Amino acid sequence: PICTQRNKCKHITSQHQQSTRTTMLPTKRTELIHALGLVPHPEGGYFLETHRSGSVPMSSRGLTDTSGNAKALVQTSSGLSRNALTSIYWVPTIQSPKLRLAVNNSDHVHYYQGGRPFEYLVYDPECEKLEHFVLGPDICNGQKLQLSVKGGVWKCGHMVTTNYTDEGAVYEFTMIGEAAGPGFDSEDFSWITMDMIERECPIHVQKVLAAYVNEKSVLSTATENSRDFGEYYKEKKDSSFSPSQNRRLFQLTHEPLC
């Protein structure tokens with residue numbers, strides 16, 4: 001019953017307020033970025049690929065790696081091979097709080113792992129339904145610890161940047177884990193353009209989604225999308241990376257596969 005759940009939440013909240021919790025996450029974005037070796041993500045924020053079935057994370061630069069174990073590959077409905085599963089850290093920050101509007105062919109599951117809440121806007125063009133979800137720790141007030149978004153559904157969002165503290169800790173980021181199956185491939189990714197919004201969305205939805213369109217020239221072909229993502233998977237020699245990012249990329253791209 002709903003009333004029982006609310007009573008449980010009140011009890012949990014009361015106990016939580018009486019306790020003092022020490023978080024292990026840093027509150028500054030620069031500290032987290034350096035600690036995890038994150039790099040800029042083309043959709044906004046920072047990221048690091050942490051798993052790619054049958055491959056070394058980050059080594060294929062956002063594309064399918066078919067050189068490893070064939071059992072780690074799956075076939076899509078269009079007959080293409082994809083790594084079965086990929087996972088990343090994704091971290092929007094106060095300086096880069098938005099997730100730009102895009103669509104991917106794979107199902108994605110997003111996991112709240114700390115920091116500020118993050119609001120997702122999810123639009124299904126087939127049924128013309130726009131939904132709002134907040135990924136965050138306050139489950140008693142409707143926030144979610146996990147959010148699933150099926151392939152073909154448009155997605156964007158923004159970090160909650162006002163009036164949020166976690167027992168006095170003021171975070172400059174949201175820490176999100178994201179898994180994709182079949183695994184992420186930049187050729188399965190597309191930006192949503194303003195033309196697409198005007199063509200496929202009702203007026204009230206157009207007004208909401210327009211704020212999340214990629215400000216740059218929107219890329220339209222798979223080859224161009226791959227090139228755009230490729231620049232974010234740079235070699236360890238790239239001078240734009242910090243020493244900690246270079247060390248982390250070196251570790252990830254030189255770890256032997258079992």
# chains A, B, ... in the order shown; residues from 1 in each chain; ligands from 1
$ select_by_dssp --residues "region 91-149 of chain A" --states "strand (DSSP E or B)" --output "MDAnalysis selection string"
chainID A and resid 91 93 98:104 107:115 118:124 129:135 144 146:149
$ atom_distance --atom1 "CA of Met159 (chain A)" --atom2 "CA of Gly136 (chain A)"
10.2 Å
$ closest_atom_pairs --of "region 155-206 of chain A" --to "region 67-82 of chain A" --cutoff "9 Å" --atoms "only C-alpha atoms" --output "Markdown table"
| residue | atom | partner | partner_atom | distance |
| --- | --- | --- | --- | --- |
| A:Gly181 | CA | A:Arg82 | CA | 8.9 |
| A:Pro182 | CA | A:Arg82 | CA | 6.1 |
| A:Gly183 | CA | A:Arg82 | CA | 6.1 |
| A:Phe184 | CA | A:Arg82 | CA | 7.9 |
| A:Asp185 | CA | A:Arg82 | CA | 7.4 |
$ atom_distance --atom1 "CA of Ala211 (chain A)" --atom2 "CA of His41 (chain A)"
18.6 Å
$ atom_distance --atom1 "CA of His51 (chain A)" --atom2 "CA of Thr64 (chain A)"
12.3 Å
$ residues_around --residues "Gln95 (chain A)" --least-positions-apart "4" --cutoff "9 Å" --atoms "only C-alpha atoms" --output "list in words"
Gly45, Glu172 and Phe173 of chain A
$ closest_residue --among "A:Ala210, A:Gly157, A:Leu32, A:Pro117" --to "Gly142 (chain A)" --atoms "only C-alpha atoms"
A:Pro117
$ closest_residue --among "A:Lys207, A:Arg116, A:Arg61, A:Arg29" --to "Asp166 (chain A)" --atoms "only C-alpha atoms"
A:Arg116
$ residues_around --residues "Pro92 (chain A)" --least-positions-apart "2" --cutoff "12 Å" --atoms "only C-alpha atoms" --output "PyMOL selection string"
chain A and resi 29-30+32-33+38-47+89-90+94-100+114-119+156-161+171-177
$ write_last_selection --atoms "C-alpha atoms" --output "PDB file, in the first residue's frame"
ATOM      1  CA  ARG A  29      34.408  18.044 -10.599  1.00  0.00           C
ATOM      2  CA  THR A  30      38.143  18.383 -11.285  1.00  0.00           C
ATOM      3  CA  LEU A  32      36.544  13.328  -9.872  1.00  0.00           C
ATOM      4  CA  ILE A  33      37.660  13.834 -13.488  1.00  0.00           C
ATOM      5  CA  LEU A  38      37.456  11.030 -17.551  1.00  0.00           C
ATOM      6  CA  VAL A  39      37.505  12.706 -20.970  1.00  0.00           C
ATOM      7  CA  PRO A  40      35.001  15.098 -22.619  1.00  0.00           C
ATOM      8  CA  HIS A  41      31.889  13.476 -24.106  1.00  0.00           C
ATOM      9  CA  PRO A  42      30.310  14.812 -27.325  1.00  0.00           C
ATOM     10  CA  GLU A  43      26.805  14.719 -25.788  1.00  0.00           C
ATOM     11  CA  GLY A  44      28.004  16.847 -22.865  1.00  0.00           C
ATOM     12  CA  GLY A  45      29.864  16.254 -19.616  1.00  0.00           C
ATOM     13  CA  TYR A  46      32.694  13.714 -19.227  1.00  0.00           C
ATOM     14  CA  PHE A  47      32.951   9.944 -19.590  1.00  0.00           C
ATOM     15  CA  TYR A  89      30.897   6.411 -16.386  1.00  0.00           C
ATOM     16  CA  TRP A  90      29.071   9.544 -17.516  1.00  0.00           C
ATOM     17  CA  ILE A  94      27.939  22.463 -13.366  1.00  0.00           C
ATOM     18  CA  GLN A  95      29.997  23.785 -16.305  1.00  0.00           C
ATOM     19  CA  SER A  96      28.494  21.190 -18.696  1.00  0.00           C
ATOM     20  CA  PRO A  97      25.093  20.263 -17.190  1.00  0.00           C
ATOM     21  CA  LYS A  98      23.154  19.252 -20.303  1.00  0.00           C
ATOM     22  CA  LEU A  99      22.699  15.999 -22.187  1.00  0.00           C
ATOM     23  CA  ARG A 100      22.078  17.017 -25.799  1.00  0.00           C
ATOM     24  CA  GLY A 114      26.264   9.916  -6.557  1.00  0.00           C
ATOM     25  CA  GLY A 115      26.291  13.693  -6.683  1.00  0.00           C
ATOM     26  CA  ARG A 116      23.401  15.871  -7.791  1.00  0.00           C
ATOM     27  CA  PRO A 117      20.152  14.498  -9.229  1.00  0.00           C
ATOM     28  CA  PHE A 118      19.786  14.497 -13.017  1.00  0.00           C
ATOM     29  CA  GLU A 119      16.515  15.040 -14.889  1.00  0.00           C
ATOM     30  CA  CYS A 156      18.124  14.491 -23.369  1.00  0.00           C
ATOM     31  CA  GLY A 157      18.286  16.126 -19.945  1.00  0.00           C
ATOM     32  CA  HIS A 158      20.026  18.352 -17.455  1.00  0.00           C
ATOM     33  CA  MET A 159      21.651  18.203 -14.059  1.00  0.00           C
ATOM     34  CA  VAL A 160      19.744  19.692 -11.135  1.00  0.00           C
ATOM     35  CA  THR A 161      21.840  22.778 -10.412  1.00  0.00           C
ATOM     36  CA  TYR A 171      28.502  18.541  -5.527  1.00  0.00           C
ATOM     37  CA  GLU A 172      29.635  20.007  -8.849  1.00  0.00           C
ATOM     38  CA  PHE A 173      28.540  16.941 -10.841  1.00  0.00           C
ATOM     39  CA  THR A 174      26.263  13.932 -11.172  1.00  0.00           C
ATOM     40  CA  MET A 175      27.891  10.488 -11.224  1.00  0.00           C
ATOM     41  CA  ILE A 176      26.017   8.155 -13.583  1.00  0.00           C
ATOM     42  CA  GLY A 177      26.759   4.624 -14.723  1.00  0.00           C
TER      43      GLY A 177
END
$ select_by_dssp --residues "region 11-200 of chain A" --states "alpha helix (DSSP H)" --output "PyMOL selection string"
chain A and resi 11-18+29-36+194-200
$ write_last_selection --atoms "N, CA and C atoms" --output "compact mmCIF listing (two decimals), in the first residue's frame"
# COMPACT_ATOMS: atom_id res chain seq x y z
N HIS A 11 10.11 7.13 8.20
CA HIS A 11 10.97 6.53 9.22
C HIS A 11 12.43 6.53 8.78
N ILE A 12 12.65 6.17 7.52
CA ILE A 12 14.01 6.16 6.98
C ILE A 12 14.60 7.56 6.99
N THR A 13 13.78 8.56 6.56
CA THR A 13 14.24 9.94 6.51
C THR A 13 14.61 10.44 7.89
N SER A 14 13.78 10.10 8.89
CA SER A 14 14.04 10.52 10.26
C SER A 14 15.35 9.95 10.77
N GLN A 15 15.58 8.65 10.51
CA GLN A 15 16.83 8.03 10.92
C GLN A 15 18.02 8.65 10.20
N HIS A 16 17.82 8.93 8.90
CA HIS A 16 18.90 9.48 8.08
C HIS A 16 19.31 10.85 8.59
N GLN A 17 18.32 11.68 9.01
CA GLN A 17 18.62 13.02 9.47
C GLN A 17 19.38 13.01 10.79
N GLN A 18 19.21 11.93 11.57
CA GLN A 18 19.88 11.85 12.85
C GLN A 18 21.31 11.34 12.73
N ARG A 29 34.41 18.76 -9.31
CA ARG A 29 34.41 18.04 -10.60
C ARG A 29 35.83 17.70 -11.04
N THR A 30 36.77 18.63 -10.83
CA THR A 30 38.14 18.38 -11.28
C THR A 30 38.77 17.19 -10.56
N GLU A 31 38.44 17.03 -9.28
CA GLU A 31 38.98 15.91 -8.53
C GLU A 31 38.44 14.59 -9.06
N LEU A 32 37.14 14.56 -9.35
CA LEU A 32 36.54 13.33 -9.87
C LEU A 32 37.07 13.00 -11.27
N ILE A 33 37.16 14.02 -12.12
CA ILE A 33 37.66 13.83 -13.49
C ILE A 33 39.07 13.26 -13.47
N HIS A 34 39.94 13.80 -12.62
CA HIS A 34 41.32 13.33 -12.53
C HIS A 34 41.41 11.95 -11.90
N ALA A 35 40.58 11.69 -10.89
CA ALA A 35 40.63 10.40 -10.20
C ALA A 35 40.22 9.25 -11.11
N LEU A 36 39.23 9.49 -11.97
CA LEU A 36 38.73 8.43 -12.85
C LEU A 36 39.33 8.48 -14.26
N MET A 194 16.61 20.17 -35.23
CA MET A 194 15.40 20.97 -35.07
C MET A 194 14.38 20.64 -36.15
N ASP A 195 14.85 20.32 -37.35
CA ASP A 195 13.93 19.91 -38.42
C ASP A 195 13.18 18.65 -38.04
N MET A 196 13.88 17.69 -37.43
CA MET A 196 13.23 16.45 -37.00
C MET A 196 12.20 16.71 -35.91
N ILE A 197 12.54 17.61 -34.99
CA ILE A 197 11.60 17.95 -33.92
C ILE A 197 10.33 18.56 -34.50
N GLU A 198 10.48 19.52 -35.41
CA GLU A 198 9.33 20.19 -36.00
C GLU A 198 8.49 19.24 -36.84
N ARG A 199 9.15 18.25 -37.43
CA ARG A 199 8.44 17.31 -38.30
C ARG A 199 7.69 16.23 -37.51
N GLU A 200 8.25 15.82 -36.36
CA GLU A 200 7.72 14.64 -35.68
C GLU A 200 7.09 14.89 -34.32
$ closest_residue --among "A:Val170, A:Val153, A:Val208, A:Leu85" --to "Asn105 (chain A)" --atoms "only C-alpha atoms"
A:Val153
$ closest_residue --among "A:Trp154, A:Tyr164, A:Tyr111, A:Tyr120" --to "Ala180 (chain A)" --atoms "only C-alpha atoms"
A:Tyr111
